[in-house]
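Student: What follows is start-v8.csv; its format and atoms are CSV, C-alpha atoms.
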chain,number,residue,atom,x,y,z
M,62,GLY,CA,-146.3,3.9,132.8
M,63,GLY,CA,-143.3,1.6,133.0
M,64,ASP,CA,-141.2,1.5,136.2
M,65,PRO,CA,-137.6,0.2,136.0
M,66,ASN,CA,-137.7,-0.8,139.6
M,67,ASP,CA,-140.3,-3.5,139.0
M,68,GLY,CA,-139.2,-4.9,135.7
M,69,GLY,CA,-141.1,-2.4,133.6
M,70,VAL,CA,-144.5,-3.6,134.9
M,71,GLY,CA,-145.4,-0.1,136.1
M,72,GLY,CA,-148.9,0.7,137.2
M,73,CYS,CA,-148.8,4.4,138.2
M,74,GLY,CA,-152.3,5.8,137.7
M,75,LYS,CA,-154.0,2.4,138.0
M,76,CYS,CA,-156.4,1.6,140.8
M,77,VAL,CA,-156.8,-1.1,143.4
M,78,LEU,CA,-159.8,-2.0,145.5
M,79,VAL,CA,-158.7,-2.5,149.1
M,80,GLN,CA,-160.4,-4.3,152.0
M,81,ASN,CA,-159.1,-4.6,155.6
M,82,PRO,CA,-160.5,-7.4,157.7
M,83,GLN,CA,-158.5,-6.2,160.7
M,84,SER,CA,-160.7,-3.1,161.2
M,85,MET,CA,-163.9,-2.0,162.8
M,86,HIS,CA,-165.6,-2.2,159.4
M,87,PRO,CA,-164.1,-5.3,157.7
M,88,ASP,CA,-166.8,-5.1,155.0
M,89,TRP,CA,-165.7,-1.6,153.9
M,90,THR,CA,-163.7,-1.2,150.7
M,91,ALA,CA,-161.8,1.7,149.2
M,92,VAL,CA,-160.5,2.5,145.7
M,93,VAL,CA,-156.9,3.7,145.8
M,94,MET,CA,-154.6,4.9,143.0
M,95,LYS,CA,-151.0,4.0,142.6
M,96,LYS,CA,-148.9,7.1,142.5
M,97,ASN,CA,-145.4,5.8,143.1
M,98,ARG,CA,-143.4,2.7,144.0
M,99,CYS,CA,-142.4,2.0,147.6
M,100,PRO,CA,-138.5,2.2,147.6
M,101,PRO,CA,-137.0,-1.3,148.1
M,102,TRP,CA,-134.7,0.0,150.9
M,103,SER,CA,-137.6,1.4,153.0
M,104,HIS,CA,-139.4,-0.5,155.8
M,105,GLY,CA,-141.6,-3.3,154.6
M,106,CYS,CA,-140.7,-2.9,150.9
M,107,ASP,CA,-138.3,-5.8,150.6
M,108,ALA,CA,-138.2,-7.5,147.2
M,109,GLY,CA,-140.9,-10.1,146.7
M,110,LYS,CA,-143.2,-8.7,149.5
M,111,PRO,CA,-146.5,-7.1,148.5
M,112,HIS,CA,-146.7,-3.7,150.2
M,113,LEU,CA,-149.2,-0.8,150.1
M,114,ASP,CA,-148.9,2.6,151.7
M,115,ILE,CA,-152.2,4.6,151.8
M,116,ALA,CA,-151.7,8.3,151.8
M,117,ALA,CA,-154.2,9.2,154.5
M,118,PRO,CA,-153.8,12.8,155.7
M,119,GLY,CA,-151.9,13.1,159.0
M,120,TYR,CA,-150.9,9.5,159.1
M,121,ASP,CA,-147.3,9.6,158.0
M,122,ASN,CA,-144.9,8.0,160.5
M,123,LEU,CA,-141.6,9.8,160.5
M,124,GLN,CA,-139.8,6.8,162.0
M,125,TYR,CA,-140.2,4.9,158.8
M,126,SER,CA,-140.9,7.6,156.2
M,127,THR,CA,-138.2,8.2,153.6
M,128,ALA,CA,-139.7,10.8,151.3
M,129,ASN,CA,-141.7,13.3,153.5
M,130,ILE,CA,-141.2,16.8,152.1
M,131,CYS,CA,-144.2,18.4,154.0
M,132,GLY,CA,-143.5,22.1,154.9
M,133,GLY,CA,-140.6,22.3,152.4
M,134,PRO,CA,-138.5,22.5,150.4
M,135,ARG,CA,-141.3,22.3,147.8
M,136,PRO,CA,-144.3,24.7,148.5
M,137,GLY,CA,-147.9,23.7,148.3
M,138,THR,CA,-147.8,20.5,150.4
M,139,GLY,CA,-150.6,22.0,152.6
M,140,PHE,CA,-148.7,21.2,155.9
M,141,ASP,CA,-146.6,23.6,158.0
M,142,ASN,CA,-144.0,21.0,158.7
M,143,LYS,CA,-143.3,17.3,158.7
M,144,GLN,CA,-144.4,16.9,162.3
M,145,GLN,CA,-147.9,18.2,161.5
M,146,SER,CA,-148.3,15.7,158.7
M,147,ALA,CA,-147.5,12.9,161.2
M,148,THR,CA,-150.1,14.0,163.8
M,149,LEU,CA,-151.7,10.6,163.8
M,150,GLY,CA,-148.6,8.6,162.7
M,151,SER,CA,-148.4,6.9,166.1
M,152,TRP,CA,-152.1,6.6,166.7
M,153,TYR,CA,-151.6,2.9,168.0
M,154,LYS,CA,-149.7,4.2,171.0
M,155,GLN,CA,-152.8,5.8,172.5
M,156,CYS,CA,-155.9,4.2,170.7
M,157,THR,CA,-157.0,0.7,170.0
M,158,ASP,CA,-158.1,1.6,166.5
M,159,THR,CA,-158.0,4.7,164.3
M,160,ALA,CA,-161.7,5.6,164.9
M,161,LYS,CA,-160.9,6.3,168.5
M,162,CYS,CA,-158.2,8.8,167.5
M,163,VAL,CA,-160.4,10.7,165.1
M,164,HIS,CA,-160.3,13.8,167.4
M,165,LEU,CA,-156.7,14.3,166.4
M,166,CYS,CA,-157.8,15.2,162.9
M,167,ASP,CA,-158.8,18.6,164.3
M,168,LYS,CA,-155.1,19.4,164.7
M,169,LEU,CA,-154.6,19.3,160.9
M,170,PRO,CA,-155.1,22.1,158.5
M,171,GLU,CA,-158.7,22.5,157.5
M,172,THR,CA,-158.1,21.2,154.0
M,173,PHE,CA,-157.2,17.7,155.3
M,174,ARG,CA,-159.6,17.3,158.2
M,175,GLN,CA,-162.5,15.7,156.2
M,176,GLY,CA,-160.2,13.1,154.6
M,177,CYS,CA,-158.5,12.3,157.9
M,178,ARG,CA,-161.9,11.8,159.6
M,179,LEU,CA,-163.1,9.5,156.8
M,180,PHE,CA,-160.1,7.3,156.9
M,181,SER,CA,-160.1,7.2,160.7
M,182,SER,CA,-163.7,6.1,160.8
M,183,TRP,CA,-162.6,2.9,159.0
M,184,GLY,CA,-161.2,1.8,162.4
M,185,TRP,CA,-157.9,0.1,161.4
M,186,LYS,CA,-156.6,-1.9,164.3
M,187,ARG,CA,-153.1,-2.2,163.0
M,188,GLY,CA,-150.9,0.1,160.9
M,189,ASP,CA,-149.5,-3.0,159.1
M,190,PRO,CA,-152.4,-5.5,158.8
M,191,SER,CA,-151.4,-8.9,157.5
M,192,SER,CA,-154.7,-9.9,155.9
M,193,VAL,CA,-155.5,-7.0,153.6
M,194,LYS,CA,-157.4,-8.0,150.5
M,195,TYR,CA,-156.9,-6.2,147.2
M,196,ARG,CA,-157.5,-6.5,143.5
M,197,ALA,CA,-156.9,-4.4,140.4
M,198,VAL,CA,-160.0,-2.5,139.3
M,199,PRO,CA,-160.7,0.2,136.6
M,200,CYS,CA,-160.4,3.7,138.0
M,201,PRO,CA,-163.8,5.5,138.3
M,202,ALA,CA,-163.8,8.4,135.9
M,203,GLU,CA,-164.7,11.0,138.6
M,204,PHE,CA,-162.0,9.6,140.9
M,205,ARG,CA,-159.4,9.9,138.2
M,206,LYS,CA,-160.5,13.5,137.5
M,207,HIS,CA,-160.3,14.3,141.3
M,208,VAL,CA,-156.8,12.9,141.7
M,209,GLY,CA,-155.6,14.7,138.6
M,210,ALA,CA,-156.8,18.0,140.0
M,211,GLN,CA,-154.5,17.5,143.0
M,212,PHE,CA,-151.3,17.6,141.0
M,213,GLY,CA,-149.7,19.9,138.5
M,214,ALA,CA,-146.4,20.1,136.6
M,215,ASP,CA,-144.6,21.0,139.8
M,216,GLY,CA,-146.2,18.3,142.0
M,217,ALA,CA,-149.0,18.7,144.5
M,218,ALA,CA,-151.3,21.6,143.7
M,219,PRO,CA,-152.5,23.6,146.8
M,220,ALA,CA,-156.2,23.1,147.4
M,221,PRO,CA,-158.4,26.0,148.5
M,222,VAL,CA,-159.5,25.9,152.1
M,223,PRO,CA,-163.1,25.0,152.1
M,224,THR,CA,-165.5,27.7,153.2
M,225,PRO,CA,-167.5,26.5,156.3
M,226,PRO,CA,-171.2,26.6,155.6
M,227,ALA,CA,-173.1,29.6,156.8
M,228,ALA,CA,-174.8,29.0,160.1
M,229,THR,CA,-178.6,28.6,159.7
M,230,PRO,CA,-180.3,31.0,162.1
M,231,ARG,CA,-182.5,29.2,164.6
M,232,PRO,CA,-186.1,30.4,164.5
M,233,THR,CA,-187.2,32.4,167.5
M,234,PRO,CA,-189.9,30.5,169.2
M,235,LEU,CA,-193.1,32.4,169.8
M,236,PRO,CA,-193.9,33.0,173.5
M,237,THR,CA,-196.3,30.5,175.0
M,238,PRO,CA,-199.5,32.4,175.9
M,239,LEU,CA,-200.5,32.1,179.5
M,240,PRO,CA,-203.7,30.1,180.0
M,241,THR,CA,-206.8,32.2,180.4
M,242,ARG,CA,-208.2,31.8,183.8
M,243,ARG,CA,-211.8,30.7,183.9
M,244,PRO,CA,-214.0,33.0,186.0
M,245,THR,CA,-214.9,31.6,189.3
M,246,PRO,CA,-218.7,31.2,189.5
M,247,ALA,CA,-220.4,33.0,192.3
M,248,PRO,CA,-221.7,30.6,194.9
M,249,THR,CA,-225.4,29.8,194.5
M,250,PRO,CA,-227.2,30.8,197.8
M,251,ASN,CA,-229.2,28.1,199.5
M,252,PRO,CA,-233.0,28.6,198.9
M,253,THR,CA,-234.8,30.3,201.8
M,254,ALA,CA,-237.3,27.9,203.3
M,255,ILE,CA,-240.8,29.2,203.3
M,256,SER,CA,-242.7,28.4,206.5
M,257,THR,CA,-245.8,26.4,206.0
M,258,PRO,CA,-248.7,27.8,208.0
M,259,LEU,CA,-250.3,25.5,210.4
M,260,PRO,CA,-253.9,24.6,209.6
M,261,THR,CA,-256.5,26.7,211.4
M,262,PRO,CA,-258.4,24.4,213.8
M,263,ALA,CA,-262.2,24.3,213.4
M,264,PRO,CA,-264.0,26.1,216.2
M,265,THR,CA,-265.4,23.9,218.8
M,266,PRO,CA,-269.2,24.5,219.1
M,267,ALA,CA,-270.5,25.5,222.5
M,268,PRO,CA,-272.7,22.8,224.1
M,269,THR,CA,-276.5,23.4,223.7
M,270,PRO,CA,-278.1,23.5,227.1
M,271,ALA,CA,-280.8,21.0,227.8
M,272,PRO,CA,-284.4,22.5,228.1
M,273,THR,CA,-285.6,23.1,231.6
M,274,PRO,CA,-288.8,21.0,232.3
Can you dump the structure from the file as structure tokens?
Tutor:
Amino acid sequence: GGDPNDGGVGGCGKCVLVQNPQSMHPDWTAVVMKKNRCPPWSHGCDAGKPHLDIAAPGYDNLQYSTANICGGPRPGTGFDNKQQSATLGSWYKQCTDTAKCVHLCDKLPETFRQGCRLFSSWGWKRGDPSSVKYRAVPCPAEFRKHVGAQFGADGAAPAPVPTPPAATPRPTPLPTPLPTRRPTPAPTPNPTAISTPLPTPAPTPAPTPAPTP
């Protein structure tokens, strides 16, 4: 719809395709939907300067934020307080890119952890990259449906906490049978040598006496 702050141009509910060359995955793109206008008096939103704030869970920076209501006064924000919504707001003070700070997503409420991890994996190297590429694109139907389900007449609608998947029991391995020992063959006795009888010598005939004359 129209927005008196930008000459009636408006754009709320329209989508932009964003690409960040100053990231670990410069070829990645994301479709984001415009939900409001950056106030002209807030940091980086000066007149005539293109500016885009991506609402990534846990990445608000309270030093520059002007409209954080997490934890109150309106219920249903999903966070306990403002500080919790800014758990990764100063990621650049301890990590060289957002992917290296993905472990901090575990400190967020369960509802926001998956989105936090997805954005963190993009690996932004700066919170204010100067070479972001963007162009207006039609909003995908399922994306429009998803975003619409996050808001009601009173603002953000609380999302149910996802139920963790049931653990799949690991199969119990069958015991490995012990190898069957082969019987040890009995030693074969050496054959008993049979003595060969010596040949019986032929009898020597007695000499025949010569006849007496």
Student: Have a look at M:Lys161, M:Arg187, M:Leu169, M:Tyr125 and name the one nearest to Gln145 of chain M; count only C-alpha atoms.
Tutor: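 When distances to Gln145 of chain M are compared using only C-alpha atoms, the smallest one comes from M:Leu169.
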Student: Determine the nearest neighbour of Val77 of chain M from the options M:Cys166, M:Leu113, M:Leu179, M:Cys99, counting all atoms listed in the file.
Tutor: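 Going through M:Cys166, M:Leu113, M:Leu179, M:Cys99 one by one, the smallest distance to Val77 of chain M is for M:Leu113.
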Student: Using all atoms listed in the file, can you list as a list of chain:residue names the residues within 12 Å of (-157.2, 18.3, 165.7)?
Tutor: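 Residues close enough to count: M:Pro118, M:Gly119, M:Gln145, M:Ser146, M:Ala147, M:Thr148, M:Leu149, M:Cys162, M:Val163, M:His164, M:Leu165, M:Cys166, M:Asp167, M:Lys168, M:Leu169, M:Pro170, M:Glu171, M:Phe173, M:Arg174, M:Gln175, M:Cys177, M:Arg178.
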Student: List the spatial neighbours of Pro190 of chain M as a PyMOL selection string - criterion: any atom at most 9 Å away, only C-alpha atoms, same-chain residues fewer than 3 positions off excluded.
Tutor: chain M and resi 81-84+185-187+193
Student: Quick one: pull the distance between atom CA of Lys75 of chain M and atom CA of Leu123 of chain M, Å, one decimal.
Tutor: 26.7 Å
Student: Which is closer to Trp102 of chain M than all the others in M:Thr138, M:Ser182, M:Gln80, M:Ser126, using only C-alpha atoms?
Tutor: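 Result for the nearest residue to Trp102 of chain M: M:Ser126.
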Student: Go through M:Val198, M:Cys106, M:Ala210, M:Ala116 one by one, measure the shortest atom-to-atom distance of each to Val92 of chain M using all atoms listed in the file, and give the residue with the smallest value.
Tutor: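 Distance minimum relative to Val92 of chain M lands on M:Val198.
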Student: If I take atom CA of Ala117 of chain M and atom CA of Gly150 of chain M, how far is one from the other in Å, to one decimal?
Tutor: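 Separation between atom CA of Ala117 of chain M and atom CA of Gly150 of chain M: 9.9 Å.
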Student: Would you compute the distance between atom CA of Pro201 of chain M and atom CA of Gly184 of chain M? Give it in Å to one decimal.
Tutor: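 Separation between atom CA of Pro201 of chain M and atom CA of Gly184 of chain M: 24.5 Å.
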Student: Nearest to Thr157 of chain M: which of M:Ser181, M:Ser192, M:Asn97, M:Thr90 is it, counting only C-alpha atoms?
Tutor: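 Using only C-alpha atoms, the shortest distance to Thr157 of chain M belongs to M:Ser181.
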Student: Tell me, as a list in words, which residues lie within 9 Å of Asn142 of chain M, counting only C-alpha atoms; anything in the same chain fewer than 5 positions away does not count.
Tutor: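 Surrounding residues, per the criterion: Ile130, Cys131, Gly132 and Gly133 of chain M.
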Student: Counting only C-alpha atoms, which of M:Glu203, M:Asp114, M:Asp107, M:Asp141 gets nearest to Gly188 of chain M?
Tutor: M:Asp114
Student: Please provide as a PDB file with C-alpha atoms, in the frame of the given file all residues within 9 Å of Arg196 of chain M, with the sequence filter that same-chain residues fewer than 4 positions apart are discarded (counting only C-alpha atoms).
Tutor:
ATOM      1  CA  CYS M  76    -156.400   1.600 140.800  1.00  0.00           C
ATOM      2  CA  VAL M  77    -156.800  -1.100 143.400  1.00  0.00           C
ATOM      3  CA  LEU M  78    -159.800  -2.000 145.500  1.00  0.00           C
ATOM      4  CA  VAL M  79    -158.700  -2.500 149.100  1.00  0.00           C
TER       5      VAL M  79
END
Student: Need to verify the contact set: Phe204 of chain M, 12 Å, all atoms listed in the file, exclusion of same-chain residues closer than 2 positions in sequence. Can you return it as a PyMOL selection string?
Tutor: chain M and resi 74-76+91-94+199-202+206-211
Student: Using C-alpha atoms, can you write the selected residues to a file as a tab-separated table (two decimals), in the frame of the given file?
Tutor:
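Final output, part.tsv:
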chain	number	residue	atom	x	y	z
M	74	GLY	CA	-152.30	5.80	137.70
M	75	LYS	CA	-154.00	2.40	138.00
M	76	CYS	CA	-156.40	1.60	140.80
M	91	ALA	CA	-161.80	1.70	149.20
M	92	VAL	CA	-160.50	2.50	145.70
M	93	VAL	CA	-156.90	3.70	145.80
M	94	MET	CA	-154.60	4.90	143.00
M	199	PRO	CA	-160.70	0.20	136.60
M	200	CYS	CA	-160.40	3.70	138.00
M	201	PRO	CA	-163.80	5.50	138.30
M	202	ALA	CA	-163.80	8.40	135.90
M	206	LYS	CA	-160.50	13.50	137.50
M	207	HIS	CA	-160.30	14.30	141.30
M	208	VAL	CA	-156.80	12.90	141.70
M	209	GLY	CA	-155.60	14.70	138.60
M	210	ALA	CA	-156.80	18.00	140.00
M	211	GLN	CA	-154.50	17.50	143.00
